[in-house]
$ cat start-v8.txt   # compact mmCIF, C-alpha atoms and all ligand atoms
# COMPACT_ATOMS: atom_id res chain seq x y z
CA MET G 424 56.42 75.38 43.27
CA LEU G 425 56.21 72.15 45.28
CA GLY G 426 54.48 71.91 48.65
CA GLY G 427 51.71 74.49 48.19
CA ASN G 428 49.87 73.43 51.36
CA GLY G 429 52.82 73.77 53.74
CA GLN G 430 53.58 76.78 55.93
CA VAL G 431 56.25 78.14 53.61
CA GLY G 432 54.58 76.84 50.44
CA TRP G 433 51.29 78.56 51.24
CA GLU G 434 53.10 81.89 51.62
CA LEU G 435 55.22 81.23 48.53
CA ALA G 436 52.13 80.73 46.40
CA ARG G 437 51.28 84.37 47.16
CA ALA G 438 54.77 85.89 47.25
CA LEU G 439 55.88 84.32 43.95
CA ALA G 440 52.68 85.07 42.04
CA PRO G 441 53.76 88.56 40.82
CA LEU G 442 57.06 87.23 39.43
CA GLY G 443 55.66 85.28 36.49
CA GLU G 444 53.57 82.29 35.59
CA LEU G 445 53.39 80.07 38.65
CA ALA G 446 52.31 76.42 38.87
CA VAL G 447 51.64 75.22 42.43
CA ALA G 448 51.91 71.49 43.12
CA THR G 449 50.55 69.75 46.20
CA ARG G 450 50.59 66.14 47.31
CA ALA G 451 46.81 65.85 46.85
CA GLY G 452 46.82 67.86 43.62
CA GLU G 453 43.93 70.18 44.55
CA GLY G 454 45.06 72.90 42.11
CA GLY G 455 45.47 70.39 39.28
CA LEU G 456 49.18 69.63 39.75
CA ARG G 457 49.85 66.60 41.89
CA VAL G 458 53.36 65.67 43.03
CA ASP G 459 54.22 63.02 45.61
CA LEU G 460 57.90 63.41 46.42
CA ALA G 461 58.02 59.76 47.44
CA ARG G 462 57.15 58.90 43.80
CA PRO G 463 59.74 60.22 41.33
CA ASP G 464 57.41 59.40 38.38
CA THR G 465 55.02 62.15 39.56
CA LEU G 466 57.92 64.62 39.60
CA ALA G 467 58.94 63.71 36.05
CA ARG G 468 55.34 64.08 34.86
CA ALA G 469 55.04 67.52 36.52
CA PHE G 470 58.30 68.66 34.86
CA ASP G 471 56.94 67.53 31.49
CA ALA G 472 53.61 69.27 32.05
CA VAL G 473 54.96 72.60 33.38
CA ARG G 474 58.41 72.86 31.73
CA PRO G 475 59.62 75.15 34.56
CA ARG G 476 62.57 77.55 34.35
CA LEU G 477 62.74 77.57 38.14
CA VAL G 478 61.53 75.02 40.68
CA VAL G 479 60.95 76.09 44.28
CA ASN G 480 60.65 73.06 46.57
CA ALA G 481 58.93 73.80 49.87
CA ALA G 482 57.67 70.23 50.32
CA ALA G 483 59.37 68.03 52.88
CA TYR G 484 58.76 65.32 55.47
CA THR G 485 58.78 67.63 58.51
CA ALA G 486 57.37 65.37 61.26
CA VAL G 487 60.59 65.31 63.29
CA ASP G 488 59.49 62.73 65.89
CA LYS G 489 57.54 60.50 63.49
CA ALA G 490 60.58 60.37 61.21
CA GLU G 491 62.33 58.26 63.87
CA SER G 492 59.84 55.44 63.20
CA GLU G 493 59.36 56.15 59.46
CA PRO G 494 62.93 56.59 58.27
CA ASP G 495 62.23 55.14 54.81
CA VAL G 496 59.53 57.69 53.99
CA ALA G 497 61.63 60.54 55.38
CA GLU G 498 64.57 59.32 53.29
CA ALA G 499 62.49 59.15 50.10
CA VAL G 500 61.00 62.64 50.54
CA ASN G 501 63.87 64.55 52.16
CA ALA G 502 66.99 62.83 50.85
CA LEU G 503 66.18 61.21 47.50
CA ALA G 504 63.56 63.55 46.00
CA PRO G 505 65.82 66.66 46.04
CA GLY G 506 68.36 64.68 43.98
CA VAL G 507 65.65 63.69 41.49
CA ILE G 508 64.47 67.33 41.31
CA GLY G 509 68.07 68.41 40.71
CA GLU G 510 68.58 65.86 37.92
CA LEU G 511 65.31 66.71 36.17
CA ALA G 512 66.10 70.42 36.46
CA ALA G 513 69.69 70.04 35.22
CA ARG G 514 68.52 68.07 32.17
CA ARG G 515 66.06 70.82 31.28
CA GLY G 516 68.22 73.83 32.14
CA ALA G 517 66.02 74.84 35.10
CA ALA G 518 67.24 76.25 38.41
CA VAL G 519 66.13 75.04 41.87
CA VAL G 520 65.40 76.78 45.17
CA HIS G 521 65.16 74.38 48.10
CA TYR G 522 64.85 74.62 51.90
CA SER G 523 66.77 72.87 54.64
CA THR G 524 67.07 73.06 58.38
CA ASP G 525 69.10 73.91 61.48
CA TYR G 526 68.66 70.22 62.43
CA VAL G 527 71.65 69.37 60.19
CA PHE G 528 73.70 70.62 63.18
CA ASP G 529 74.02 69.01 66.59
CA GLY G 530 73.47 72.28 68.46
CA GLU G 531 76.70 72.09 70.45
CA LEU G 532 78.40 75.24 69.08
CA ASP G 533 78.93 78.39 71.18
CA ARG G 534 78.24 80.89 68.36
CA PRO G 535 75.71 81.14 65.50
CA TYR G 536 76.25 78.42 62.90
CA ARG G 537 77.77 79.42 59.58
CA GLU G 538 77.08 77.55 56.36
CA GLU G 539 80.48 75.86 56.31
CA ASP G 540 80.36 74.62 59.92
CA ALA G 541 80.54 70.88 60.39
CA THR G 542 77.17 69.15 60.21
CA ALA G 543 76.20 66.42 62.67
CA PRO G 544 72.46 65.75 62.66
CA ALA G 545 71.11 64.05 65.76
CA GLY G 546 68.07 62.37 64.22
CA VAL G 547 66.45 60.92 61.11
CA TYR G 548 64.86 64.21 60.01
CA GLY G 549 68.15 66.15 60.13
CA ARG G 550 70.11 63.29 58.53
CA THR G 551 67.68 62.96 55.64
CA LYS G 552 67.52 66.74 55.10
CA LEU G 553 71.33 66.88 55.03
CA ARG G 554 71.47 64.07 52.45
CA GLY G 555 68.87 66.00 50.43
CA GLU G 556 71.09 69.10 50.39
CA GLN G 557 74.01 67.05 49.09
CA ALA G 558 71.93 65.14 46.53
CA LEU G 559 70.59 68.41 45.10
CA LEU G 560 74.03 70.06 44.95
CA ASP G 561 75.53 66.93 43.36
CA ALA G 562 72.80 66.90 40.70
CA THR G 563 72.90 70.55 39.67
CA ALA G 564 75.00 73.65 40.27
CA ASP G 565 71.99 75.88 39.68
CA ALA G 566 70.54 75.48 43.16
CA LEU G 567 70.00 77.76 46.13
CA ILE G 568 69.41 76.03 49.45
CA PHE G 569 68.00 78.12 52.30
CA ARG G 570 68.47 76.60 55.74
CA THR G 571 65.85 78.00 58.04
CA ALA G 572 64.62 77.20 61.56
CA TRP G 573 61.70 77.35 64.02
CA VAL G 574 59.16 78.17 61.30
CA TYR G 575 55.72 79.43 62.31
CA GLY G 576 52.82 81.22 60.68
CA ARG G 577 49.05 81.57 60.61
CA HIS G 578 48.76 78.58 58.29
CA GLY G 579 49.71 74.94 58.91
CA HIS G 580 50.97 73.06 61.96
CA ASN G 581 53.36 75.07 64.09
CA PHE G 582 54.29 76.22 67.58
CA LEU G 583 52.43 79.55 67.32
CA ARG G 584 49.11 77.92 66.49
CA THR G 585 49.61 75.18 69.09
CA MET G 586 50.32 77.78 71.80
CA LEU G 587 47.29 79.90 70.85
CA ARG G 588 45.08 76.80 71.14
CA LEU G 589 46.60 75.69 74.45
CA PHE G 590 46.38 79.19 75.98
CA ARG G 591 42.62 78.97 75.41
CA GLU G 592 42.33 75.42 76.76
CA ARG G 593 44.60 75.49 79.81
CA ASP G 594 45.38 77.63 82.85
CA GLU G 595 49.02 76.55 83.03
CA LEU G 596 51.60 75.43 80.49
CA ARG G 597 55.14 74.11 80.80
CA VAL G 598 57.48 75.06 77.95
CA VAL G 599 61.09 74.11 77.31
CA ASP G 600 63.51 76.89 78.21
CA ASP G 601 66.91 75.38 77.35
CA GLN G 602 66.68 75.18 73.55
CA ILE G 603 67.63 78.42 71.84
CA GLY G 604 66.71 79.45 68.30
CA SER G 605 65.24 82.14 66.07
CA PRO G 606 61.48 81.85 65.45
CA THR G 607 61.03 82.61 61.76
CA TRP G 608 57.72 83.66 60.18
CA SER G 609 56.95 81.61 57.06
CA ARG G 610 55.91 84.82 55.30
CA MET G 611 59.39 86.31 55.79
CA ILE G 612 60.96 83.21 54.26
CA ALA G 613 58.62 83.41 51.27
CA GLU G 614 59.12 87.15 50.79
CA ALA G 615 62.89 86.88 51.06
CA THR G 616 62.81 84.03 48.53
CA ALA G 617 60.70 86.12 46.14
CA GLN G 618 63.01 89.12 46.50
CA ILE G 619 66.06 87.00 45.78
CA ILE G 620 64.43 85.46 42.72
CA ALA G 621 63.35 88.93 41.51
CA ARG G 622 66.86 90.24 42.09
CA LEU G 623 68.19 87.53 39.78
CA GLU G 624 66.42 89.61 37.11
CA GLY G 625 64.35 86.81 35.69
CA GLU G 626 67.49 84.92 34.77
CA PRO G 627 67.34 81.75 36.83
CA ALA G 628 70.61 80.63 35.23
CA ARG G 629 72.36 83.26 37.39
CA ILE G 630 71.57 80.99 40.33
CA GLY G 631 74.49 78.95 39.02
CA GLU G 632 76.92 81.75 39.92
CA LEU G 633 75.53 82.17 43.40
CA GLY G 634 74.45 78.59 44.02
CA GLY G 635 74.93 76.84 47.33
CA ILE G 636 73.72 76.95 50.91
CA TYR G 637 72.51 80.07 52.73
CA HIS G 638 71.22 80.48 56.27
CA LEU G 639 67.88 82.30 56.34
CA THR G 640 66.28 82.91 59.73
CA ALA G 641 64.87 85.84 61.67
CA ALA G 642 67.39 87.95 63.60
CA GLY G 643 67.70 87.58 67.36
CA ARG G 644 67.16 84.51 69.47
CA THR G 645 65.05 83.14 72.29
CA SER G 646 63.98 79.87 73.90
CA TRP G 647 60.70 78.06 73.23
CA HIS G 648 59.57 79.44 76.59
CA GLY G 649 60.57 82.97 75.53
CA PHE G 650 58.73 82.49 72.23
CA ALA G 651 55.65 81.24 74.09
CA ALA G 652 55.78 84.23 76.47
CA ALA G 653 55.89 86.66 73.52
CA ILE G 654 52.95 84.87 71.87
CA LEU G 655 51.01 85.04 75.12
CA GLU G 656 51.72 88.75 75.54
CA GLY G 657 50.83 89.52 71.92
CA SER G 658 47.65 87.46 72.00
CA GLY G 659 46.18 89.13 75.06
CA LEU G 660 45.18 85.66 76.39
CA ASP G 661 45.71 84.46 79.93
CA CYS G 662 47.80 81.45 80.97
CA ARG G 663 50.55 80.67 83.49
CA LEU G 664 53.79 79.76 81.69
CA LEU G 665 56.39 77.67 83.49
CA PRO G 666 59.91 77.09 82.14
CA ILE G 667 61.07 73.46 82.05
CA SER G 668 64.19 71.70 80.79
CA THR G 669 64.45 69.43 77.75
CA ARG G 670 65.00 66.54 80.15
CA GLU G 671 61.54 67.16 81.61
CA TYR G 672 59.95 66.98 78.14
CA PRO G 673 61.37 63.88 76.43
CA THR G 674 60.62 63.42 72.71
CA PRO G 675 61.48 60.53 70.32
CA ALA G 676 63.88 62.78 68.35
CA ARG G 677 66.63 64.77 70.07
CA ARG G 678 66.48 68.53 69.38
CA PRO G 679 69.56 70.75 69.10
CA ALA G 680 70.01 72.91 72.22
CA TRP G 681 71.44 75.73 70.09
CA SER G 682 69.80 76.39 66.71
CA VAL G 683 70.97 79.93 66.04
CA LEU G 684 72.16 80.43 62.44
CA ASP G 685 74.49 83.18 61.20
CA ASN G 686 72.73 84.93 58.31
CA SER G 687 75.62 87.14 57.18
CA LYS G 688 76.26 85.24 53.92
CA LEU G 689 72.67 85.97 52.86
CA PHE G 690 73.15 89.66 53.64
CA GLU G 691 76.53 89.89 51.93
CA THR G 692 75.25 88.13 48.79
CA PHE G 693 71.71 89.45 48.42
CA GLY G 694 71.61 92.49 50.76
CA LEU G 695 68.74 90.91 52.68
CA ARG G 696 68.32 90.72 56.44
CA LEU G 697 65.21 89.28 58.06
CA PRO G 698 63.72 91.37 60.90
CA ASP G 699 64.03 90.45 64.58
CA TRP G 700 61.88 87.46 65.47
CA ASP G 701 59.76 89.43 67.98
CA LEU G 702 58.93 92.19 65.47
CA SER G 703 57.78 89.62 62.90
CA LEU G 704 55.78 87.82 65.56
CA ARG G 705 53.91 91.02 66.42
CA GLN G 706 53.13 91.58 62.74
CA CYS G 707 51.99 87.99 62.34
CA LEU G 708 49.71 88.24 65.39
CA GLU G 709 48.12 91.38 63.95
CA GLU G 710 46.90 89.35 60.98
CA PRO G 711 43.15 88.70 61.08
N1 LIG G 801 58.76 73.80 60.15
C1 LIG G 801 59.95 74.16 60.63
O1 LIG G 801 60.11 74.57 61.79
C2 LIG G 801 61.17 74.09 59.73
C3 LIG G 801 62.42 74.36 60.30
C4 LIG G 801 63.55 74.33 59.48
C5 LIG G 801 63.42 74.03 58.15
N2 LIG G 801 62.21 73.74 57.62
C6 LIG G 801 62.16 73.40 56.20
O2 LIG G 801 61.41 74.39 55.52
C7 LIG G 801 60.70 73.81 54.43
C8 LIG G 801 59.24 74.15 54.53
O3 LIG G 801 58.75 73.62 55.75
P1 LIG G 801 57.30 73.93 56.31
O4 LIG G 801 57.44 74.32 57.72
O5 LIG G 801 56.57 74.80 55.36
O6 LIG G 801 56.70 72.45 56.28
P2 LIG G 801 55.21 71.96 56.43
O7 LIG G 801 54.31 73.08 56.85
O8 LIG G 801 55.24 70.70 57.23
O9 LIG G 801 54.84 71.62 54.93
C9 LIG G 801 55.48 70.58 54.25
C10 LIG G 801 54.65 70.28 53.01
O10 LIG G 801 55.31 69.19 52.37
C11 LIG G 801 54.30 68.35 51.89
N3 LIG G 801 54.73 66.98 51.75
C12 LIG G 801 55.10 66.11 52.71
N4 LIG G 801 55.37 64.91 52.17
C13 LIG G 801 55.16 65.04 50.83
C14 LIG G 801 55.26 64.16 49.74
N5 LIG G 801 55.61 62.88 49.88
N6 LIG G 801 54.99 64.65 48.51
C15 LIG G 801 54.60 65.93 48.33
N7 LIG G 801 54.48 66.80 49.33
C16 LIG G 801 54.76 66.35 50.56
C17 LIG G 801 53.16 68.41 52.88
O11 LIG G 801 51.99 68.05 52.20
P3 LIG G 801 50.59 67.79 52.91
O12 LIG G 801 50.05 69.17 53.16
O13 LIG G 801 49.84 67.00 51.91
O14 LIG G 801 50.90 67.03 54.16
C18 LIG G 801 53.21 69.86 53.33
O15 LIG G 801 52.31 70.66 52.60
C19 LIG G 801 61.01 72.31 54.48
O16 LIG G 801 62.09 72.04 53.63
C20 LIG G 801 61.45 72.09 55.92
O17 LIG G 801 62.31 70.98 56.03
C21 LIG G 801 61.07 73.78 58.38
$ encode --input "start-v8.txt" --output "structure tokens"
Amino acid sequence: MLGGNGQVGWELARALAPLGELAVATRAGEGGLRVDLARPDTLARAFDAVRPRLVVNAAAYTAVDKAESEPDVAEAVNALAPGVIGELAARRGAAVVHYSTDYVFDGELDRPYREEDATAPAGVYGRTKLRGEQALLDATADALIFRTAWVYGRHGHNFLRTMLRLFRERDELRVVDDQIGSPTWSRMIAEATAQIIARLEGEPARIGELGGIYHLTAAGRTSWHGFAAAILEGSGLDCRLLPISTREYPTPARRPAWSVLDNSKLFETFGLRLPDWDLSLRQCLEEP
């Protein structure tokens, strides 16, 4: 598994452990396996060392705003590396599970996005992630790509942890109310991934039959302000929350106004449906 220190990767390291022998790679190589996605030679060396039957890639360049000024790094990590992973895997008969994003869409649709809807990323991050999807699919048929969105958890950098910190530091907070999406707990993504892999009965080659793109987010939808209000309520902290518009909170990268993904292909194929975002949030907040 690649990206062991990320939000999803950290959860995957636990969720995948019961399924078989698991090697966890990080950029710094703390656990002994070091992979820098910007350096294909480190990927090839890791493939030689581990000889995986299945590679789960949770590593990515996820700094959406910084990507606007570092397009080359984002391109190497998000667009080129998935193609290299796909080629190395195809040569060795391994399957690949990879993650992508709602940012491949422009957010202009009036219904939840389906997998086959036209993509039109608005920024560098979304463009590079979209190229990564294509590079991986071009390199190998044995690949599952899960597009997720609005990921949060108790580990890593995310909206939940930022809000909890700011609720303690401030009396009043302004949060964007005109971007709509489905906050998705990193643990749910990891557990769904593990269940899908387990359901493939230890035969990663079956991924070839089912390969392609799947949307994988929590059910339901809210705005960032609605998400913040639910975090506030669940945390028992005190802060005044004010809704603002995207125009009042300019960022280097443009965000889609509508990030809701239709998860029915995932349900029809694997019988899996992630819980409502607010139920998962309550469970996540109950964690010590
Ligand atoms: N976060 C979201 O809201 C969101 C939304 C939609 C889709 N996704 C997708 O979901 C997947 C998992 O995201 P996440 O939220 O878990 O991301 P994350 O918490 O930002 O973790 C990304 C991980 O990738 C690693 N990484 C970055 N550059 C690397 C490089 N050059 N070589 C090796 N590792 C590198 C980072 O390593 P370090 O720890 O060393 O920095 C980090 O551990 C990604 O594919 C992402 O695009 C995320």
$ closest_residue --input "start-v8.txt" --among "G:Gly516, G:Leu567, G:Ala490, G:Ala436" --to "Glu632 in chain G" --atoms "only C-alpha atoms"
G:Leu567
$ closest_atom_pairs --input "start-v8.txt" --of "chain G" --to "ligand LIG 801 (chain G)" --cutoff "8 Å" --atoms "all atoms listed in the file" --output "tab-separated table"
residue	atom	partner	partner_atom	distance
G:Leu425	CA	G:LIG801	N7	6.9
G:Gly426	CA	G:LIG801	C10	4.7
G:Gly427	CA	G:LIG801	O15	5.9
G:Asn428	CA	G:LIG801	O15	3.9
G:Gly429	CA	G:LIG801	O9	3.2
G:Gln430	CA	G:LIG801	O5	3.6
G:Val431	CA	G:LIG801	O5	3.8
G:Gly432	CA	G:LIG801	O5	5.7
G:Trp433	CA	G:LIG801	O5	7.7
G:Thr449	CA	G:LIG801	N7	5.8
G:Arg450	CA	G:LIG801	C15	4.1
G:Ala451	CA	G:LIG801	O13	6.0
G:Val458	CA	G:LIG801	C15	5.4
G:Asp459	CA	G:LIG801	N6	3.4
G:Leu460	CA	G:LIG801	N6	3.8
G:Ala461	CA	G:LIG801	N5	4.6
G:Arg462	CA	G:LIG801	N5	7.4
G:Asn480	CA	G:LIG801	O16	7.3
G:Ala481	CA	G:LIG801	C8	4.7
G:Ala482	CA	G:LIG801	O10	3.3
G:Ala483	CA	G:LIG801	O10	4.3
G:Tyr484	CA	G:LIG801	C12	4.7
G:Thr485	CA	G:LIG801	O8	4.9
G:Ala486	CA	G:LIG801	O8	7.0
G:Val496	CA	G:LIG801	N5	7.7
G:Ala499	CA	G:LIG801	N5	7.8
G:Val500	CA	G:LIG801	N5	5.4
G:Asn501	CA	G:LIG801	O17	7.7
G:His521	CA	G:LIG801	O16	6.7
G:Tyr522	CA	G:LIG801	O16	4.2
G:Ser523	CA	G:LIG801	O16	4.9
G:Thr524	CA	G:LIG801	C5	3.8
G:Asp525	CA	G:LIG801	C4	5.9
G:Tyr526	CA	G:LIG801	C4	7.2
G:Lys552	CA	G:LIG801	O17	6.8
G:Arg570	CA	G:LIG801	C5	6.2
G:Thr571	CA	G:LIG801	C4	4.6
G:Ala572	CA	G:LIG801	C4	3.7
G:Trp573	CA	G:LIG801	O1	3.9
G:Val574	CA	G:LIG801	O1	3.8
G:Tyr575	CA	G:LIG801	O1	6.6
G:His578	CA	G:LIG801	O7	7.9
G:Gly579	CA	G:LIG801	O7	5.4
G:His580	CA	G:LIG801	O7	6.1
G:Asn581	CA	G:LIG801	N1	6.8
G:Ser609	CA	G:LIG801	O5	7.0
$ closest_residue --input "start-v8.txt" --among "G:Leu553, G:Ala545, G:Val487, G:Ala564" --to "Glu510 in chain G" --atoms "all atoms listed in the file"
G:Ala564
$ residues_around --input "start-v8.txt" --residues "Ala518 in chain G" --least-positions-apart "2" --cutoff "7 Å" --atoms "all atoms listed in the file" --output "compact mmCIF listing (two decimals) with C-alpha atoms, keeping the file's coordinate frame"
# COMPACT_ATOMS: atom_id res chain seq x y z
CA ARG G 476 62.57 77.55 34.35
CA LEU G 477 62.74 77.57 38.14
CA VAL G 478 61.53 75.02 40.68
CA ALA G 512 66.10 70.42 36.46
CA GLY G 516 68.22 73.83 32.14
CA ASP G 565 71.99 75.88 39.68
CA ALA G 566 70.54 75.48 43.16
CA PRO G 627 67.34 81.75 36.83
CA ALA G 628 70.61 80.63 35.23
CA ILE G 630 71.57 80.99 40.33
$ atom_distance --input "start-v8.txt" --atom1 "CA of Thr585 in chain G" --atom2 "CA of Glu709 in chain G"
17.1 Å
$ atom_distance --input "start-v8.txt" --atom1 "CA of Ile667 in chain G" --atom2 "CA of Ala680 in chain G"
13.3 Å
$ closest_residue --input "start-v8.txt" --among "G:Asp561, G:Asp601, G:Asp533, G:Asp699" --to "Ile508 in chain G" --atoms "all atoms listed in the file"
G:Asp561
$ closest_residue --input "start-v8.txt" --among "G:Ala513, G:Ala617, G:Ala467, G:Leu587" --to "Arg437 in chain G" --atoms "all atoms listed in the file"
G:Ala617
$ atom_distance --input "start-v8.txt" --atom1 "CA of Arg597 in chain G" --atom2 "CA of Ala676 in chain G"
19.0 Å
$ residues_near_point --input "start-v8.txt" --point "(43.6, 78.9, 76.3)" --cutoff "12 Å" --atoms "all atoms listed in the file" --output "VMD selection string"
chain G and resid 584 to 596 654 to 655 658 to 664
$ closest_residue --input "start-v8.txt" --among "G:Thr645, G:Ser687, G:Thr616, G:Thr563" --to "Ala438 in chain G" --atoms "all atoms listed in the file"
G:Thr616
$ residues_around --input "start-v8.txt" --residues "Arg550 in chain G" --least-positions-apart "2" --cutoff "10 Å" --atoms "only C-alpha atoms" --output "list in words"
Pro494, Ala497, Glu498, Asn501, Ala502, Tyr526, Val527, Phe528, Thr542, Ala543, Pro544, Ala545, Gly546, Val547, Tyr548, Lys552, Leu553, Arg554 and Gly555 of chain G
$ residues_near_point --input "start-v8.txt" --point "(46.8, 82.9, 58.0)" --cutoff "9 Å" --atoms "only C-alpha atoms" --output "VMD selection string"
chain G and resid 576 to 579 707 710 to 711
$ closest_residue --input "start-v8.txt" --among "G:Ala504, G:Ile619, G:Leu445, G:Leu684" --to "Gly530 in chain G" --atoms "only C-alpha atoms"
G:Leu684
